[in-house]
Structures are given as C-alpha cells and as structure tokens.
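Engineer: File name final35.txt; file contents compact mmCIF, C-alpha atoms; full text below.
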```txt
# COMPACT_ATOMS: atom_id res chain seq x y z
CA MET N 1 67.03 75.38 144.77
CA SER N 2 64.44 73.81 147.01
CA THR N 3 64.86 70.27 148.30
CA ILE N 4 62.31 68.18 150.16
CA SER N 5 64.24 66.70 153.06
CA GLN N 6 63.85 62.99 153.65
CA HIS N 7 63.52 63.33 157.43
CA THR N 8 60.64 65.83 157.22
CA ARG N 9 58.32 63.68 155.17
CA PRO N 10 56.37 60.54 156.08
CA ALA N 11 57.95 57.16 155.36
CA ALA N 12 57.54 56.15 151.75
CA PRO N 13 54.99 53.38 151.23
CA PRO N 14 56.28 50.04 149.96
CA GLY N 15 56.81 49.87 146.21
CA THR N 16 57.78 53.51 145.71
CA GLU N 17 60.89 54.05 143.63
CA ASP N 18 64.21 55.61 144.60
CA ARG N 19 64.76 59.36 144.90
CA ILE N 20 63.37 61.41 142.03
CA ASP N 21 65.05 64.60 140.81
CA LEU N 22 62.32 67.06 139.84
CA LEU N 23 62.41 70.54 138.29
CA LEU N 24 59.38 72.78 138.90
CA ILE N 25 58.98 75.76 136.55
CA ASP N 26 56.71 78.23 138.36
CA ASP N 27 57.21 81.85 139.46
CA ASP N 28 54.54 81.79 142.20
CA PRO N 29 56.04 80.98 145.64
CA GLY N 30 52.59 79.96 146.86
CA ASN N 31 52.26 77.35 144.12
CA VAL N 32 55.75 76.08 144.91
CA ARG N 33 54.84 75.55 148.58
CA VAL N 34 51.64 73.74 147.61
CA VAL N 35 53.54 71.37 145.31
CA GLU N 36 56.16 70.70 147.99
CA LYS N 37 53.46 69.94 150.56
CA MET N 38 51.62 67.54 148.24
CA LEU N 39 54.81 65.66 147.41
CA VAL N 40 55.74 65.32 151.08
CA GLU N 41 52.25 64.05 151.92
CA ALA N 42 52.45 61.56 149.04
CA GLY N 43 55.62 60.06 150.55
CA LEU N 44 57.78 60.49 147.45
CA ASP N 45 61.55 60.75 147.93
CA ILE N 46 61.93 63.96 145.94
CA SER N 47 64.77 66.37 145.35
CA MET N 48 63.08 69.38 143.81
CA ALA N 49 64.71 72.34 142.07
CA VAL N 50 62.64 75.45 141.28
CA ALA N 51 62.99 77.80 138.31
CA ASP N 52 60.91 80.96 137.93
CA SER N 53 61.57 81.34 134.18
CA LEU N 54 62.71 79.44 131.11
CA ASP N 55 66.19 80.97 131.36
CA ALA N 56 66.48 79.78 134.95
CA ALA N 57 65.19 76.35 133.90
CA ARG N 58 67.94 76.05 131.29
CA ARG N 59 70.58 76.69 133.95
CA ARG N 60 69.12 74.19 136.41
CA LEU N 61 68.10 71.42 134.03
CA THR N 62 70.87 68.83 134.34
CA ARG N 63 70.96 65.19 133.22
CA ARG N 64 70.00 64.21 136.78
CA ILE N 65 66.55 65.75 136.37
CA GLN N 66 64.06 62.97 135.67
CA CYS N 67 60.87 65.01 135.47
CA VAL N 68 59.98 68.63 134.65
CA LEU N 69 56.74 69.99 136.15
CA VAL N 70 55.82 73.17 134.26
CA ASP N 71 52.97 75.61 134.90
CA LEU N 72 51.99 76.95 131.47
CA SER N 73 50.55 80.08 133.11
CA THR N 74 54.02 81.15 134.29
CA PRO N 75 54.89 84.62 132.84
CA GLY N 76 57.29 84.31 129.91
CA ILE N 77 55.95 80.91 128.89
CA ASP N 78 53.81 81.37 125.80
CA HIS N 79 51.65 78.27 126.27
CA LEU N 80 52.47 75.68 123.57
CA GLU N 81 55.44 77.63 122.22
CA GLY N 82 56.86 77.76 125.73
CA LEU N 83 56.16 74.04 126.11
CA ARG N 84 58.11 73.31 122.94
CA GLN N 85 61.07 75.17 124.42
CA VAL N 86 60.79 73.10 127.60
CA LEU N 87 60.60 69.87 125.57
CA GLY N 88 63.61 70.97 123.56
CA MET N 89 65.75 71.57 126.64
CA SER N 90 64.55 68.47 128.57
CA GLU N 91 65.59 65.80 126.08
CA HIS N 92 66.05 63.07 128.71
CA ALA N 93 63.44 64.19 131.27
CA ALA N 94 59.69 63.56 131.35
CA VAL N 95 57.46 66.63 131.18
CA VAL N 96 54.20 67.07 133.10
CA VAL N 97 52.08 70.17 132.43
CA LEU N 98 49.99 72.09 134.99
CA THR N 99 46.94 73.97 133.67
CA GLY N 100 43.92 75.82 135.10
CA LEU N 101 40.31 74.71 134.85
CA ALA N 102 39.77 77.00 131.89
CA ASP N 103 42.74 75.54 130.03
CA VAL N 104 42.00 71.80 130.01
CA HIS N 105 42.09 71.86 126.21
CA LEU N 106 45.62 73.28 126.50
CA GLY N 107 46.70 70.27 128.57
CA ILE N 108 45.38 67.88 125.90
CA ARG N 109 47.23 69.80 123.20
CA ALA N 110 50.36 69.77 125.37
CA VAL N 111 50.30 65.95 125.53
CA ALA N 112 49.79 65.83 121.77
CA ALA N 113 52.84 68.11 121.40
CA GLY N 114 55.05 65.76 123.41
CA ALA N 115 54.38 66.16 127.13
CA GLU N 116 53.99 62.89 129.06
CA ASP N 117 50.91 64.05 131.03
CA TYR N 118 48.90 67.08 132.21
CA LEU N 119 47.17 67.97 135.49
CA VAL N 120 44.52 70.55 136.36
CA LYS N 121 45.84 72.52 139.34
CA GLN N 122 42.45 72.90 141.03
CA GLU N 123 41.82 69.13 140.89
CA VAL N 124 45.20 67.70 141.84
CA ASP N 125 46.17 66.26 145.24
CA GLY N 126 49.31 64.60 146.57
CA PRO N 127 48.64 61.00 145.50
CA LEU N 128 47.49 62.09 142.04
CA LEU N 129 50.56 64.28 141.58
CA ALA N 130 52.85 61.48 142.76
CA ARG N 131 51.24 58.96 140.39
CA ALA N 132 51.47 61.40 137.48
CA ILE N 133 55.18 61.98 138.10
CA ARG N 134 55.95 58.26 138.38
CA TYR N 135 53.87 57.50 135.29
CA ALA N 136 55.55 60.26 133.28
CA ILE N 137 59.03 59.04 134.20
CA GLU N 138 58.22 55.42 133.30
CA ARG N 139 56.56 56.48 130.06
CA LYS N 140 59.62 58.52 129.14
CA ARG N 141 61.89 55.57 129.90
CA ALA N 142 59.73 53.30 127.77
CA GLU N 143 59.78 55.80 124.90
CA GLU N 144 63.57 56.13 125.17
CA SER N 145 64.00 52.35 125.20
CA GLU N 146 61.76 51.97 122.16
CA ARG N 147 63.61 54.75 120.34
CA ARG N 148 66.98 53.15 121.05
CA LEU N 149 65.64 49.76 119.94
CA VAL N 150 64.34 51.21 116.66
CA GLU N 151 67.64 53.01 116.07
CA ALA N 152 69.58 49.83 116.83
CA ARG N 153 67.44 47.87 114.38
CA ILE N 154 67.93 50.49 111.67
CA VAL N 155 71.69 50.58 112.25
CA GLY N 156 71.77 46.78 112.35
CA ARG N 157 69.97 46.49 109.02
CA GLU N 158 72.26 49.10 107.46
CA ASN N 159 75.35 47.31 108.78
CA ALA N 160 74.03 43.98 107.51
CA ARG N 161 73.49 45.41 104.03
CA LEU N 162 76.93 46.99 104.11
CA GLU N 163 78.64 43.81 105.22
CA ARG N 164 76.81 41.69 102.65
CA GLY N 165 77.82 44.19 99.98
CA LEU N 166 81.47 43.81 100.98
CA LEU N 167 81.46 40.05 100.38
CA PRO N 168 82.80 39.29 96.89
CA VAL N 169 80.95 38.19 93.80
CA PRO N 170 83.21 35.85 91.80
CA LEU N 171 84.16 36.94 88.28
CA ILE N 172 84.08 33.67 86.31
CA ASP N 173 82.57 33.05 82.89
CA ASP N 174 83.86 29.50 82.31
CA PRO N 175 80.85 27.12 82.26
CA SER N 176 83.10 24.17 83.13
CA MET N 177 83.87 25.67 86.53
CA ARG N 178 81.74 25.80 89.65
CA HIS N 179 82.31 28.15 92.60
CA ASP N 180 81.02 27.36 96.13
CA THR N 181 81.77 29.21 99.36
CA ARG N 182 80.96 29.21 103.06
CA TYR N 183 81.67 32.25 105.22
CA ARG N 184 81.02 32.71 108.93
CA PRO N 185 82.56 35.30 111.25
CA GLY N 186 83.53 34.34 114.76
CA ARG N 187 82.13 37.53 116.29
CA ARG N 188 78.62 37.14 117.69
CA ARG N 189 75.93 38.84 115.55
CA ALA N 190 78.53 39.93 112.97
CA LEU N 191 78.31 39.24 109.25
CA LEU N 192 81.91 40.03 108.42
CA GLY N 193 85.11 38.84 110.07
CA GLY N 194 88.85 39.04 109.44
CA ASP N 195 88.76 36.21 106.86
CA PHE N 196 88.41 37.14 103.20
CA TYR N 197 88.44 35.47 99.79
CA ASP N 198 87.97 36.26 96.11
CA THR N 199 87.99 34.67 92.64
CA VAL N 200 88.70 36.45 89.37
CA GLN N 201 89.04 35.22 85.78
CA THR N 202 91.29 37.48 83.70
CA GLU N 203 91.68 38.05 80.00
CA GLY N 204 93.26 34.98 78.46
CA GLY N 205 91.30 32.56 80.64
CA ALA N 206 93.43 32.22 83.78
CA VAL N 207 91.41 31.97 87.01
CA HIS N 208 92.91 33.52 90.15
CA LEU N 209 91.60 32.57 93.57
CA MET N 210 92.70 33.72 96.98
CA ILE N 211 91.83 33.29 100.64
CA GLY N 212 93.27 35.21 103.57
CA ASP N 213 93.03 35.61 107.33
CA VAL N 214 93.78 38.79 109.28
CA CYS N 215 94.84 37.90 112.82
CA GLY N 216 92.13 38.91 115.29
CA HIS N 217 88.34 38.92 115.16
CA GLY N 218 87.11 42.51 115.63
CA PRO N 219 85.68 45.14 113.27
CA ASP N 220 89.14 46.61 112.61
CA GLU N 221 90.35 43.24 111.35
CA ALA N 222 87.20 42.86 109.24
CA ALA N 223 87.78 46.28 107.66
CA LEU N 224 91.41 45.44 106.93
CA GLY N 225 90.36 42.15 105.31
CA VAL N 226 88.00 44.02 102.99
CA GLN N 227 90.76 46.47 102.05
CA LEU N 228 93.18 43.66 101.24
CA ARG N 229 90.59 41.76 99.18
CA MET N 230 89.75 44.83 97.14
CA ALA N 231 93.43 45.60 96.66
CA TRP N 232 94.07 42.00 95.54
CA ARG N 233 91.24 42.09 92.98
CA THR N 234 92.43 45.44 91.61
CA LEU N 235 96.01 44.19 91.28
CA VAL N 236 94.92 40.97 89.55
CA LEU N 237 92.78 42.85 87.06
CA ALA N 238 95.74 45.17 86.44
CA GLY N 239 97.88 42.17 85.48
CA HIS N 240 99.92 41.61 88.65
CA THR N 241 100.58 38.05 89.82
CA GLY N 242 102.81 35.99 92.07
CA GLN N 243 105.66 37.45 94.11
CA GLN N 244 105.10 40.98 92.79
CA LEU N 245 101.43 40.97 93.78
CA LEU N 246 102.17 39.68 97.28
CA GLY N 247 104.84 42.32 97.74
CA ILE N 248 102.38 45.10 96.93
CA LEU N 249 99.78 43.58 99.25
CA ASP N 250 102.41 43.48 101.99
CA THR N 251 102.99 47.22 101.47
CA VAL N 252 99.24 47.93 101.54
CA LEU N 253 98.93 46.00 104.80
CA GLY N 254 101.77 48.00 106.33
CA HIS N 255 100.02 51.27 105.53
CA GLU N 256 96.46 50.28 106.45
CA ARG N 257 96.83 48.25 109.66
CA ARG N 258 96.17 50.05 112.96
CA SER N 259 98.90 48.14 114.79
CA GLU N 260 102.28 46.79 113.70
CA GLU N 261 101.35 43.53 115.42
CA LEU N 262 98.62 42.80 112.86
CA PHE N 263 99.57 40.29 110.18
CA THR N 264 97.72 38.35 107.50
CA THR N 265 98.10 34.82 106.21
CA LEU N 266 97.18 34.22 102.59
CA CYS N 267 96.90 31.48 99.99
CA MET N 268 96.82 32.42 96.32
CA VAL N 269 96.31 30.06 93.36
CA THR N 270 96.30 30.79 89.63
CA VAL N 271 94.65 28.10 87.46
CA ALA N 272 96.00 27.99 83.91
CA PRO N 273 93.63 28.45 80.93
CA SER N 274 94.08 24.75 80.17
CA ARG N 275 92.60 23.99 83.64
CA ARG N 276 95.17 21.17 84.04
CA THR N 277 97.85 23.03 85.99
CA ALA N 278 98.07 25.81 88.55
CA ARG N 279 100.59 27.94 90.45
CA MET N 280 100.29 28.37 94.22
CA HIS N 281 101.78 30.86 96.68
CA LEU N 282 101.48 30.40 100.44
CA ALA N 283 102.09 33.23 102.88
CA GLY N 284 101.92 31.54 106.27
CA HIS N 285 98.60 29.93 105.32
CA PRO N 286 97.48 26.26 105.48
CA PRO N 287 97.65 24.46 102.12
CA PRO N 288 94.50 23.81 100.05
CA LEU N 289 92.98 20.38 99.51
CA LEU N 290 92.94 18.94 95.99
CA PHE N 291 90.23 16.45 94.98
CA ARG N 292 91.58 14.83 91.81
CA HIS N 293 89.34 12.50 89.82
CA GLY N 294 90.63 9.23 88.43
CA SER N 295 90.86 8.96 84.65
CA GLY N 296 88.18 6.29 84.50
CA GLU N 297 85.67 8.04 86.73
CA ALA N 298 82.44 9.38 85.31
CA ASP N 299 81.89 12.97 86.38
CA SER N 300 78.95 13.70 88.60
CA GLY N 301 77.92 16.78 86.68
CA GLY N 302 78.26 18.96 89.77
CA ALA N 303 75.45 17.41 91.80
CA ASP N 304 75.54 18.32 95.49
CA SER N 305 75.37 14.71 96.60
CA GLY N 306 75.13 11.34 94.98
CA GLY N 307 76.51 7.84 95.12
CA ALA N 308 79.87 6.64 96.40
CA ASP N 309 82.83 8.56 94.96
CA SER N 310 85.73 6.16 95.54
CA GLY N 311 87.57 7.27 92.38
CA VAL N 312 88.58 10.64 93.86
CA GLU N 313 92.04 11.18 95.31
CA VAL N 314 91.99 13.69 98.20
CA ALA N 315 95.24 15.25 99.47
CA ALA N 316 96.61 18.48 100.85
CA LEU N 317 98.84 20.35 98.43
CA PRO N 318 102.52 20.47 99.41
CA ASP N 319 103.47 23.35 101.70
CA TYR N 320 107.27 23.01 101.67
CA ALA N 321 107.56 26.07 99.40
CA HIS N 322 106.04 28.88 101.40
CA GLY N 323 106.85 32.33 102.69
CA PRO N 324 105.95 34.26 105.84
CA ALA N 325 102.61 35.85 106.56
CA LEU N 326 102.15 39.37 105.19
CA GLY N 327 103.22 42.08 107.60
CA LEU N 328 105.92 40.06 109.39
CA ALA N 329 109.11 40.32 107.37
CA PRO N 330 110.23 43.25 105.18
CA SER N 331 111.40 42.23 101.69
CA ALA N 332 110.04 38.71 102.17
CA GLU N 333 109.91 36.17 99.34
CA TRP N 334 107.09 33.79 98.48
CA PRO N 335 108.18 30.91 96.23
CA THR N 336 105.93 29.32 93.61
CA THR N 337 104.58 25.77 93.78
CA GLU N 338 103.57 24.19 90.46
CA ILE N 339 100.49 21.96 90.71
CA ASP N 340 99.28 19.21 88.38
CA LEU N 341 95.48 19.31 88.62
CA GLY N 342 94.46 16.67 86.11
CA GLU N 343 91.34 16.77 83.97
CA SER N 344 88.53 16.95 86.54
CA TRP N 345 89.17 18.28 90.04
CA GLU N 346 88.07 20.35 92.99
CA LEU N 347 90.35 22.74 94.82
CA MET N 348 89.36 23.74 98.34
CA LEU N 349 90.91 26.78 100.02
CA TYR N 350 90.07 27.45 103.66
CA THR N 351 91.15 29.47 106.68
CA ASP N 352 92.53 27.96 109.88
CA GLY N 353 89.17 28.31 111.62
CA LEU N 354 88.29 25.02 109.91
CA ILE N 355 91.26 23.04 111.25
CA GLU N 356 91.96 24.51 114.69
CA GLY N 357 88.94 22.99 116.42
CA ARG N 358 89.60 20.36 119.07
CA VAL N 359 89.22 16.62 118.54
CA GLY N 360 87.31 15.35 121.55
CA THR N 361 88.02 16.62 125.06
CA GLY N 362 91.81 16.54 124.80
CA PRO N 363 94.19 19.27 123.61
CA ALA N 364 94.64 17.77 120.13
CA ARG N 365 93.59 19.92 117.17
CA LEU N 366 92.12 18.63 113.93
CA GLY N 367 94.86 20.00 111.68
CA THR N 368 95.24 19.60 107.93
CA GLU N 369 95.64 15.81 108.08
CA GLY N 370 92.44 15.45 110.08
CA LEU N 371 90.61 17.62 107.54
CA VAL N 372 91.90 15.43 104.70
CA ASP N 373 90.48 12.35 106.44
CA LEU N 374 87.11 14.03 106.88
CA ALA N 375 87.11 15.15 103.25
CA ARG N 376 87.89 11.64 101.98
CA SER N 377 85.02 10.22 104.03
CA ALA N 378 82.60 12.91 102.83
CA ARG N 379 83.53 12.32 99.16
CA ARG N 380 83.09 8.55 99.57
CA ARG N 381 79.58 9.32 100.80
CA GLY N 382 78.93 11.37 97.66
CA PHE N 383 79.12 14.96 98.95
CA THR N 384 80.24 17.60 96.47
CA GLY N 385 79.94 21.36 96.04
CA ARG N 386 78.32 23.39 98.82
CA ALA N 387 77.01 20.19 100.42
CA LEU N 388 80.61 19.00 100.81
CA ILE N 389 81.58 22.25 102.56
CA ASP N 390 78.58 22.09 104.89
CA GLU N 391 79.29 18.47 105.74
CA LEU N 392 82.91 19.24 106.63
CA VAL N 393 81.92 22.18 108.84
CA ASN N 394 79.32 20.01 110.60
CA GLU N 395 81.84 17.22 111.16
CA VAL N 396 84.48 19.64 112.49
CA GLU N 397 81.99 21.15 114.93
CA ALA N 398 80.88 17.71 116.09
CA LEU N 399 84.48 16.78 116.84
CA ASN N 400 85.02 20.09 118.59
CA GLY N 401 81.96 19.48 120.77
CA ASP N 402 80.59 22.96 120.09
CA ALA N 403 80.32 25.65 117.44
CA LEU N 404 83.61 27.01 116.12
CA THR N 405 84.52 30.40 117.61
CA ASP N 406 87.10 31.51 115.06
CA ASP N 407 86.30 33.22 111.75
CA LEU N 408 85.78 30.65 109.01
CA ALA N 409 85.93 30.88 105.25
CA VAL N 410 85.95 28.06 102.67
CA LEU N 411 86.21 28.40 98.89
CA LEU N 412 85.68 25.37 96.65
CA LEU N 413 86.49 25.71 92.94
CA SER N 414 85.48 22.72 90.81
CA HIS N 415 86.30 21.88 87.19
CA THR N 416 84.48 19.24 85.19
CA ARG N 417 85.99 18.00 81.96
CA SER N 418 83.87 18.54 78.89
CA GLY N 419 82.41 15.69 76.91
```
What would you get if you wrote out this structure as structure tokens?

Structural biologist:
Amino acid sequence: MSTISQHTRPAAPPGTEDRIDLLLIDDDPGNVRVVEKMLVEAGLDISMAVADSLDAARRRLTRRIQCVLVDLSTPGIDHLEGLRQVLGMSEHAAVVVLTGLADVHLGIRAVAAGAEDYLVKQEVDGPLLARAIRYAIERKRAEESERRLVEARIVGRENARLERGLLPVPLIDDPSMRHDTRYRPGRRRALLGGDFYDTVQTEGGAVHLMIGDVCGHGPDEAALGVQLRMAWRTLVLAGHTGQQLLGILDTVLGHERRSEELFTTLCMVTVAPSRRTARMHLAGHPPPLLFRHGSGEADSGGADSGGADSGVEVAALPDYAHGPALGLAPSAEWPTTEIDLGESWELMLYTDGLIEGRVGTGPARLGTEGLVDLARSARRRGFTGRALIDELVNEVEALNGDALTDDLAVLLLSHTRSG
C-alpha cells in the first residue's frame, strides 16, 4: 500500500474536504508515481492504496475506500468488462476511469456504464485530477442518497398499503345502523398503533362490536393488536361469545406476545337482534358512552350535524361488573353487564387515549366523566356521527393544550328506529 504523507505535501487550500481514501488500480509503477505527485501538488489529503490487478483490488477494496481510480489499459482488465467487475466490487465507492488519447470513446462508454467520471491521462494535471475525485465522490454520495430516498418512499408506500389493509371493514347489513370510526396511532408517521376495533353482524341479526388497546405504542404492539382483532372476528363468526371468547383471546395473547409484561384492555358489546338491549364485557377497559334518545324526540336521520339535540341522554355505561385486562390473570372471569338501549341510540366505544389527556396545565386528566360532559355539550350543539367523534377529539386536544400522543381509536354505532 502506498500512502501520501500529510507532512510531505503542501498545505491544503481552504474548502478542501477531509482525508480521502483512494484505491488506484494500475500495474505501472511510473503511472503510480505520477498520480501520487499530482495529488500531492493538488493539496489533497489522500491515503492511497495501489493494486496491480483486479484480484489485488478485491483484497484491498474496503468500505473505507471512497474513490477507485482505474486505468482501463492495465493488463487483465478487459476494458468495459473489467470496468463492470470494478463497479461490482466497489458498491459504495465512486469510480473514475483513466484512458489514453486514442480511447476517449471508451471513457464516455465507461461513464454510461456506471463510472462517475473519466480522464485522459495525457491531458490530466493535479488540480483536474483533484476536482475529478472530489466530484466523483460527491456524485456517488448524491446517487446513494437518492437511491435510499427512493427505496424509503417505496417501502413507505408498501407499509402504508399494508397498514390500511389491516384496518377492519365492518360487516353490517342492517340499514337502521350506522358505523363511524376514528383511528390515529400515537407513533409519528405510523398508520397503525396498538389500538384495534371491529364490528361484525352474525347470522340471526346480533351485532358484535369490540375495541381494544395493547399496552405500548411500537410496531410489535401494532402487530399484536392486528392478531387479536383477527382472532376476535374469527371466533365471533365461529359462534363464540362472552366469557368463552375472552378466555380464548387471553390464550392467544399469551402465545403471541413477545413479552409477558404485555397486556391488553378490551371492551366487547353484543347488540341483540331487537336492537333494544345489549350485553357488555369489560376487560380492564373504560366503559362506553350511551346516547339514548327520548321517546318524544324526532330522529335526525343520521345527519352529521343539525339543530339542538336536548332530548338525548348521555351517560357512561356502568363499569362495576368488569374483569382484568387480558394477559394479567390466568383463569380470569369477565362478568356480563345487561344494557337497556331503548329505541334510538348511539353507542360509543373508545380507547383511553381519548380520556387521558390533561385538562389545562395541571396534573388532572379528563377521565370518563369529563368525556361525558364534552359529549353532552357536543350533542346539544347538534353533532352526530363522524362529526361528533371529530368534535370530541378536537375538544380533548384543546384541553390538553397539544395533540394527543397516545394511540386513539373511537367506534360509534348508531341505531335509528324505523318509521
């Protein structure tokens, strides 16, 4: 290996970059000395290794090498075929080709084949060689940055399509029911978080809805949430409900989680075919809100906003009958809560990302009671459906003083009486 010593060369002019690791492929000692002299005169801080063949170049080409200077007239290098071998072995290094006066066309073809630049040996001097090396290195860096950016965009688009595909499509064919959702992961630039939800109508007319929250915010938690949602839908379609279904989900969680510390809260509701009653199971999850219409109120027909809605009673469902979160207690039990829905109603399930924001600058959190107050105010102002969800999220963020950082999911199922 040949190295140009820093103390034997002139001081580098201002603006030159840090030391450059260069590999020269040339079997002529005279050419090597000429290149060394030109680089010293140009004031480049160069550490130069020399290889007299392609085999030697393979041994000396490390990841530290930033630029390969190759003489295509070197014995054993078959012009463009030899260049392709050099390009293949120097994946992260720029390549500059040296040609003779009679081979200028070869230099042009070399650049077209992938080299960063070419120089005619009889016309090159120190400053030109130095500029060519710097240019080649910067061009290679720019190409690498562009390639990584394109790859990142492709991967990002693929991940976005994958994550969107993993969000559920509700299975409901009852025209008297409306399904609205809002989903937002806490992770920056993510489309999927640890929160999950689903809604399925089964044979006989019962509608099953569920919302859950895997503790944590990373991709592992997001993947586990997807697995649990898919398992829940499969179990519901297979006829499982209630305590039995939650027990199987608890087993699935135990097998699929990457750490025994991971647990999942879950709320599950089954609306009867009559649409007047429902059964609820809570596994460490906050209780849903029920918007129950008064008997004398005219239904809004599902409009997103309208006039004052003072005839709607808004309350959190009772949470005295609940069991632990999934993954915490072996052989746990989850009791059933019977719910009287009435004739026309909305049922809102949500994850704790909606209620754990701060209220003002103090330590107080919004909580379920605070959410009920916000929901009552929003309904009095005529918000329903997706507009109601958006209004609540906006109000919660305003109280928090900033965007919510936790995963957030809201599911609003509405039933309008016929006639």

Engineer: What's around Arg63 of chain N at 10 Å? Count all atoms listed in the file, leave out sequence neighbours fewer than 2 positions away in its own chain, and write the answer as a PyMOL selection string.

Structural biologist: chain N and resi 21+60-61+65-66+90-93

Engineer: Given only C-alpha atoms as the basis, pick out the residue of N:Glu81, N:Gly254, N:Leu22, N:Gly294 nearest to Thr62 of chain N.

Structural biologist: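 Counting only C-alpha atoms, the residue closest to Thr62 of chain N is N:Leu22.
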
Engineer: Please, what distance in Å, to one decimal, runs between atom CA of Ile46 of chain N and atom CA of Asp18 of chain N?

Structural biologist: 8.8 Å

Engineer: Counting all atoms listed in the file, what is within 10 Å of segment 365-381 of chain N, bar same-chain residues fewer than 2 positions away, as a PyMOL selection string?

Structural biologist: chain N and resi 286-291+305-316+352+354-360+362-363+383-384+387-389+391-393+395-396+399-400

Engineer: Do a neighbour search on segment 257-272 of chain N at 9 Å with only C-alpha atoms, toss out local chain neighbours closer than 4 positions, and write the hits as a PDB file with C-alpha atoms, in the coordinates of the input.

Structural biologist:
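And here's result-v8.pdb as it stands now:
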```
ATOM      1  CA  GLY N 205      91.300  32.560  80.640  1.00  0.00           C
ATOM      2  CA  ALA N 206      93.430  32.220  83.780  1.00  0.00           C
ATOM      3  CA  VAL N 207      91.410  31.970  87.010  1.00  0.00           C
ATOM      4  CA  HIS N 208      92.910  33.520  90.150  1.00  0.00           C
ATOM      5  CA  LEU N 209      91.600  32.570  93.570  1.00  0.00           C
ATOM      6  CA  MET N 210      92.700  33.720  96.980  1.00  0.00           C
ATOM      7  CA  ILE N 211      91.830  33.290 100.640  1.00  0.00           C
ATOM      8  CA  GLY N 212      93.270  35.210 103.570  1.00  0.00           C
ATOM      9  CA  ASP N 213      93.030  35.610 107.330  1.00  0.00           C
ATOM     10  CA  VAL N 214      93.780  38.790 109.280  1.00  0.00           C
ATOM     11  CA  CYS N 215      94.840  37.900 112.820  1.00  0.00           C
ATOM     12  CA  GLY N 216      92.130  38.910 115.290  1.00  0.00           C
ATOM     13  CA  ASP N 220      89.140  46.610 112.610  1.00  0.00           C
ATOM     14  CA  GLU N 221      90.350  43.240 111.350  1.00  0.00           C
ATOM     15  CA  LEU N 224      91.410  45.440 106.930  1.00  0.00           C
ATOM     16  CA  GLY N 225      90.360  42.150 105.310  1.00  0.00           C
ATOM     17  CA  THR N 241     100.580  38.050  89.820  1.00  0.00           C
ATOM     18  CA  GLY N 242     102.810  35.990  92.070  1.00  0.00           C
ATOM     19  CA  ASP N 250     102.410  43.480 101.990  1.00  0.00           C
ATOM     20  CA  VAL N 252      99.240  47.930 101.540  1.00  0.00           C
ATOM     21  CA  LEU N 253      98.930  46.000 104.800  1.00  0.00           C
ATOM     22  CA  ARG N 276      95.170  21.170  84.040  1.00  0.00           C
ATOM     23  CA  THR N 277      97.850  23.030  85.990  1.00  0.00           C
ATOM     24  CA  ALA N 278      98.070  25.810  88.550  1.00  0.00           C
ATOM     25  CA  ARG N 279     100.590  27.940  90.450  1.00  0.00           C
ATOM     26  CA  MET N 280     100.290  28.370  94.220  1.00  0.00           C
ATOM     27  CA  HIS N 281     101.780  30.860  96.680  1.00  0.00           C
ATOM     28  CA  LEU N 282     101.480  30.400 100.440  1.00  0.00           C
ATOM     29  CA  ALA N 283     102.090  33.230 102.880  1.00  0.00           C
ATOM     30  CA  GLY N 284     101.920  31.540 106.270  1.00  0.00           C
ATOM     31  CA  HIS N 285      98.600  29.930 105.320  1.00  0.00           C
ATOM     32  CA  PRO N 286      97.480  26.260 105.480  1.00  0.00           C
ATOM     33  CA  PRO N 287      97.650  24.460 102.120  1.00  0.00           C
ATOM     34  CA  PRO N 288      94.500  23.810 100.050  1.00  0.00           C
ATOM     35  CA  PRO N 324     105.950  34.260 105.840  1.00  0.00           C
ATOM     36  CA  ALA N 325     102.610  35.850 106.560  1.00  0.00           C
ATOM     37  CA  LEU N 326     102.150  39.370 105.190  1.00  0.00           C
ATOM     38  CA  GLY N 327     103.220  42.080 107.600  1.00  0.00           C
ATOM     39  CA  LEU N 328     105.920  40.060 109.390  1.00  0.00           C
ATOM     40  CA  LEU N 341      95.480  19.310  88.620  1.00  0.00           C
ATOM     41  CA  LEU N 349      90.910  26.780 100.020  1.00  0.00           C
ATOM     42  CA  TYR N 350      90.070  27.450 103.660  1.00  0.00           C
ATOM     43  CA  THR N 351      91.150  29.470 106.680  1.00  0.00           C
TER      44      THR N 351
END
```

Engineer: Could you please determine the separation between atom CA of Val70 of chain N and atom CA of Glu138 of chain N in Å, to one decimal place?

Structural biologist: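 Computing the Euclidean distance for atom CA of Val70 of chain N and atom CA of Glu138 of chain N yields 17.9 Å.
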
Engineer: Hey, what's within 10 Å of Leu80 of chain N if we count all atoms listed in the file and toss same-chain stuff fewer than 5 positions away? As a list in words, please?

Structural biologist: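 Counting all atoms listed in the file, the residues come to Leu72, Gln85, Val86, Leu106, Gly107, Arg109, Ala110 and Ala113 of chain N.
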
Engineer: Report the distance between atom CA of Tyr197 of chain N and atom CA of Gln227 of chain N in Å, rounded to one decimal place.

Structural biologist: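 These two atoms are separated by 11.5 Å.
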
Engineer: Extract, using all atoms listed in the file, all DNA, RNA and protein residues at most 10 Å from Pro29 of chain N, discarding same-chain residues fewer than 4 positions from it, and format them as a list in words.

Structural biologist: Arg33, Val34, Val35, Val50 and Asp52 of chain N

Engineer: Could you check which of N:Arg147, N:Gln201, N:Tyr135, N:Thr234 is closest to Ala94 of chain N, using only C-alpha atoms?

Structural biologist: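 Looking at the shortest contact to Ala94 of chain N, the residue is N:Tyr135.
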
Engineer: Check the smallest atom-to-atom distance from each of N:Ile25, N:Leu347, N:Met38, N:Asp45 to Pro75 of chain N using all atoms listed in the file, then report the winner.

Structural biologist: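 Residue with the minimum atom-to-atom distance to Pro75 of chain N: N:Ile25.
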
Engineer: What would segment 322-331 of chain N look like with N, CA and C atoms restored, written as a compact mmCIF listing (two decimals), in the coordinates of the input?

Structural biologist:
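And here is the file that came out, selection_26.txt:
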```txt
# COMPACT_ATOMS: atom_id res chain seq x y z
N HIS N 322 106.92 27.84 100.90
CA HIS N 322 106.04 28.88 101.40
C HIS N 322 106.86 30.03 101.96
N GLY N 323 106.21 31.18 102.10
CA GLY N 323 106.85 32.33 102.69
C GLY N 323 106.11 32.77 103.94
N PRO N 324 106.58 33.81 104.60
CA PRO N 324 105.95 34.26 105.84
C PRO N 324 104.62 34.95 105.59
N ALA N 325 103.84 35.10 106.63
CA ALA N 325 102.61 35.85 106.56
C ALA N 325 102.91 37.30 106.19
N LEU N 326 101.97 37.96 105.55
CA LEU N 326 102.15 39.37 105.19
C LEU N 326 102.21 40.21 106.47
N GLY N 327 103.10 41.18 106.46
CA GLY N 327 103.22 42.08 107.60
C GLY N 327 104.24 41.65 108.63
N LEU N 328 104.97 40.54 108.40
CA LEU N 328 105.92 40.06 109.39
C LEU N 328 107.37 40.33 109.03
N ALA N 329 107.70 40.23 107.76
CA ALA N 329 109.11 40.32 107.37
C ALA N 329 109.26 41.25 106.17
N PRO N 330 109.99 42.35 106.32
CA PRO N 330 110.23 43.25 105.18
C PRO N 330 111.01 42.51 104.09
N SER N 331 110.69 42.81 102.85
CA SER N 331 111.40 42.23 101.69
C SER N 331 111.33 40.71 101.69
```
